[in-house]
Amino acid sequence: MLVEMNLSVWTAQKNDKGATAKVTTDANARSDAGNFKKNLMAGTNRRKEIADYAAMCRTWHNGKTLPWSDKGVRLLPTSLFLAYKSEINTRRAEFDTMVAAFLAEYPTLVAAAHRHMGSLFDPNDYPHVDEVATKFGFRTVFSPVPEAGDFRLDVPKAEMAELKTQYEVAYEARVDDAMGSAWTKFYEMLKGMSDKLVEPEDGTKVFHATFTSNAVELCEMLTHLNITKDPHLEKSRRDLEKAIANVDIADIRKDAGTRADVKAQVDAILDAYDW
């Protein structure tokens with residue numbers, strides 16, 4: 001199915017023409033040489049925490065879906081729908097809780113900004129709390145992938161055939177792009193692991209637990225993201241699972257032999273294809 005995520009966060013920024021004019025004049029620069037933007041929430045990270053959480057949600061969303069169109073709609077395998085819906089509901093609730101807390105503190109945060117902004121503070125820059133609330137949003141819309149024969153248009157048969165052909169070509173291109181994205185995710189994981197497993201000359205390299213856990217998570221995700229059931233992607237995914245199945249991160253950190261063995265298996269997967 002298709003899923004579109006719309007996340008919005010108040011920027012809390014305001015252009016200051018007076019400050020811009022002063023800076024450019026003091027620098028003996030043209031008036032269009034720069035632009036001064038005020039951070040209306042100076043002195044607090046509350047708004048930024050919401051923005052950071054929203055960015056994390058977008059990253060999570062992109063990791064669970066595949067590209068489909070240029071307008072932000074992405075492809076969600078139906079096998080992931082229930083897990084995705086459950087997680088997105090949890091994330092939306094957390095987002096709403098953060099926003100509600102921010103709005104409750106808004107008058108206090110404005111007062112704090114006054115203390116931190118000095119002469120840059122202008123009370124007219126601050127919207128009413130009800131208006132600020134409208135600038136935050138977390139929405140997901142699900143829809144089926146249209147079929148070529150689903151054109152609800154009153155057009156002659158010849159034109160209808162042409163429209164169906166055009167859609168089928170576009171559909172195949174989008175499927176190819178989606179699968180290309182899945183392969184790219186896999187390649188980037190393999191290349192990153194291979195590069196990390198190169199023995200340094202000074203003998204020191206840090207391996208975090210995510211070195212193996214991220215690979216395990218991606219291998220699991222690829223069982224869903226392999227929407228065309230590409231046998232090569234499935235075999236490669238299984239090969240990576242096998243390479244790290246019985247490998248402990250502690251052994252990778254301490255044992256050069258283990259690192260060499262894992263690297264050899266990862267490199268074998270990389271060498272099997274013309275990426």
# chains A, B, ... in the order shown; residues from 1 in each chain; ligands from 1
>>> residues_around(residues="Tyr84 in chain A", least_positions_apart="6", cutoff="9 Å", atoms="only C-alpha atoms", output="number ranges by chain")
A: 61, 64, 76
>>> select_by_dssp(residues="range 67-227 of chain A", states="strand (DSSP E or B)", output="MDAnalysis selection string")
chainID A and resid 67 74:75 137:143
>>> select_by_dssp(residues="range 89-219 of chain A", states="alpha helix (DSSP H)", output="number ranges by chain")
A: 89-117, 129-133, 157-196, 210-219
>>> write_last_selection(atoms="C-alpha atoms", output="short mmCIF file (atom, residue, chain, number, x, y, z; two decimals), in the first residue's frame")
data_model
loop_
_atom_site.label_atom_id
_atom_site.label_comp_id
_atom_site.auth_asym_id
_atom_site.auth_seq_id
_atom_site.Cartn_x
_atom_site.Cartn_y
_atom_site.Cartn_z
CA ASN A 89 0.41 5.47 16.64
CA THR A 90 2.90 5.32 19.50
CA ARG A 91 5.11 7.93 17.86
CA ARG A 92 2.17 10.22 17.12
CA ALA A 93 1.07 10.02 20.76
CA GLU A 94 4.58 10.93 21.92
CA PHE A 95 4.70 13.83 19.46
CA ASP A 96 1.31 15.11 20.65
CA THR A 97 2.43 14.86 24.28
CA MET A 98 5.57 16.88 23.56
CA VAL A 99 3.58 19.53 21.69
CA ALA A 100 0.97 19.78 24.46
CA ALA A 101 3.71 20.30 27.05
CA PHE A 102 5.34 22.95 24.86
CA LEU A 103 2.08 24.84 24.39
CA ALA A 104 1.40 24.75 28.13
CA GLU A 105 4.84 26.28 28.76
CA TYR A 106 4.61 28.76 25.89
CA PRO A 107 4.01 31.93 27.98
CA THR A 108 6.90 31.00 30.27
CA LEU A 109 9.16 30.25 27.30
CA VAL A 110 8.35 33.62 25.73
CA ALA A 111 9.26 35.33 28.99
CA ALA A 112 12.54 33.39 29.07
CA ALA A 113 13.27 34.40 25.47
CA HIS A 114 12.77 38.06 26.48
CA ARG A 115 15.56 37.69 29.02
CA HIS A 116 17.90 36.04 26.50
CA MET A 117 17.26 38.18 23.42
CA VAL A 129 -0.63 30.07 21.48
CA ASP A 130 -3.67 28.90 19.48
CA GLU A 131 -1.93 29.88 16.24
CA VAL A 132 1.29 28.20 17.34
CA ALA A 133 -0.68 24.99 17.93
CA LYS A 157 -11.39 3.40 -25.69
CA ALA A 158 -8.23 4.27 -27.68
CA GLU A 159 -7.24 6.99 -25.24
CA MET A 160 -8.04 4.70 -22.32
CA ALA A 161 -5.66 2.09 -23.71
CA GLU A 162 -2.96 4.72 -24.05
CA LEU A 163 -3.49 5.89 -20.46
CA LYS A 164 -3.25 2.32 -19.18
CA THR A 165 -0.03 1.78 -21.10
CA GLN A 166 1.47 4.98 -19.73
CA TYR A 167 0.52 4.02 -16.19
CA GLU A 168 1.92 0.52 -16.55
CA VAL A 169 5.25 1.95 -17.74
CA ALA A 170 5.28 4.42 -14.85
CA TYR A 171 4.29 1.66 -12.42
CA GLU A 172 7.16 -0.57 -13.52
CA ALA A 173 9.58 2.35 -13.23
CA ARG A 174 8.43 3.05 -9.68
CA VAL A 175 8.75 -0.61 -8.73
CA ASP A 176 12.28 -0.59 -10.17
CA ASP A 177 13.11 2.54 -8.18
CA ALA A 178 11.70 0.99 -5.01
CA MET A 179 13.76 -2.17 -5.47
CA GLY A 180 16.79 -0.04 -6.30
CA SER A 181 16.33 1.65 -2.93
CA ALA A 182 16.22 -1.72 -1.17
CA TRP A 183 19.40 -2.82 -2.93
CA THR A 184 21.05 0.52 -2.05
CA LYS A 185 20.22 0.10 1.64
CA PHE A 186 21.76 -3.36 1.52
CA TYR A 187 24.86 -2.25 -0.38
CA GLU A 188 25.52 0.64 1.99
CA MET A 189 25.29 -1.73 4.95
CA LEU A 190 27.69 -4.23 3.37
CA LYS A 191 30.18 -1.56 2.25
CA GLY A 192 30.13 0.09 5.67
CA MET A 193 30.80 -3.25 7.38
CA SER A 194 33.59 -4.15 4.98
CA ASP A 195 35.31 -0.79 5.43
CA LYS A 196 34.94 -0.98 9.20
CA THR A 210 24.98 -1.56 16.48
CA PHE A 211 27.64 -2.94 14.12
CA THR A 212 25.84 -6.29 14.19
CA SER A 213 22.37 -5.27 15.44
CA ASN A 214 21.82 -2.86 12.53
CA ALA A 215 22.76 -5.60 10.07
CA VAL A 216 20.36 -8.05 11.74
CA GLU A 217 17.57 -5.46 11.63
CA LEU A 218 18.15 -4.70 7.95
CA CYS A 219 18.19 -8.38 7.02
#
>>> residues_around(residues="Ala21 in chain A", least_positions_apart="5", cutoff="9 Å", atoms="only C-alpha atoms", output="PyMOL selection string")
chain A and resi 16+26+31+35-36
>>> closest_residue(among="A:Asp251, A:Asp274, A:Asp267, A:Glu199", to="Asp239 in chain A", atoms="only C-alpha atoms")
A:Asp267
>>> closest_residue(among="A:Lys135, A:Lys229, A:Lys22, A:Arg253", to="Pro77 in chain A", atoms="only C-alpha atoms")
A:Lys229
>>> atom_distance(atom1="CA of Asn39 in chain A", atom2="CA of Gln13 in chain A")
4.9 Å
>>> atom_distance(atom1="CA of Asn28 in chain A", atom2="CA of Asp122 in chain A")
26.2 Å
>>> atom_distance(atom1="CA of Ala260 in chain A", atom2="CA of Lys242 in chain A")
15.0 Å
>>> closest_atom_pairs(of="range 87-146 of chain A", to="range 71-75 of chain A", cutoff="12 Å", atoms="only C-alpha atoms", output="CSV")
residue,atom,partner,partner_atom,distance
A:Thr140,CA,A:Val73,CA,10.1
A:Val141,CA,A:Val73,CA,9.1
A:Phe142,CA,A:Val73,CA,9.3
A:Ser143,CA,A:Val73,CA,9.6
A:Pro144,CA,A:Leu75,CA,9.6
A:Val145,CA,A:Leu75,CA,8.4
A:Pro146,CA,A:Leu75,CA,11.8
>>> write_last_selection(atoms="N, CA and C atoms", output="PDB file, in the first residue's frame")
ATOM      1  N   THR A 140      -0.606  10.707   8.995  1.00  0.00           N
ATOM      2  CA  THR A 140      -0.281   9.684   8.006  1.00  0.00           C
ATOM      3  C   THR A 140      -1.545   9.309   7.255  1.00  0.00           C
ATOM      4  N   VAL A 141      -1.403   9.135   5.946  1.00  0.00           N
ATOM      5  CA  VAL A 141      -2.536   8.770   5.099  1.00  0.00           C
ATOM      6  C   VAL A 141      -2.168   7.503   4.329  1.00  0.00           C
ATOM      7  N   PHE A 142      -3.006   6.485   4.454  1.00  0.00           N
ATOM      8  CA  PHE A 142      -2.797   5.218   3.751  1.00  0.00           C
ATOM      9  C   PHE A 142      -3.735   5.130   2.557  1.00  0.00           C
ATOM     10  N   SER A 143      -3.245   4.538   1.489  1.00  0.00           N
ATOM     11  CA  SER A 143      -4.082   4.352   0.305  1.00  0.00           C
ATOM     12  C   SER A 143      -3.572   3.143  -0.472  1.00  0.00           C
ATOM     13  N   PRO A 144      -4.431   2.516  -1.257  1.00  0.00           N
ATOM     14  CA  PRO A 144      -3.987   1.366  -2.054  1.00  0.00           C
ATOM     15  C   PRO A 144      -3.158   1.819  -3.247  1.00  0.00           C
ATOM     16  N   VAL A 145      -2.327   0.938  -3.730  1.00  0.00           N
ATOM     17  CA  VAL A 145      -1.594   1.213  -4.966  1.00  0.00           C
ATOM     18  C   VAL A 145      -2.576   1.089  -6.123  1.00  0.00           C
ATOM     19  N   PRO A 146      -2.764   2.151  -6.905  1.00  0.00           N
ATOM     20  CA  PRO A 146      -3.734   2.082  -8.006  1.00  0.00           C
ATOM     21  C   PRO A 146      -3.349   1.020  -9.030  1.00  0.00           C
TER      22      PRO A 146
END
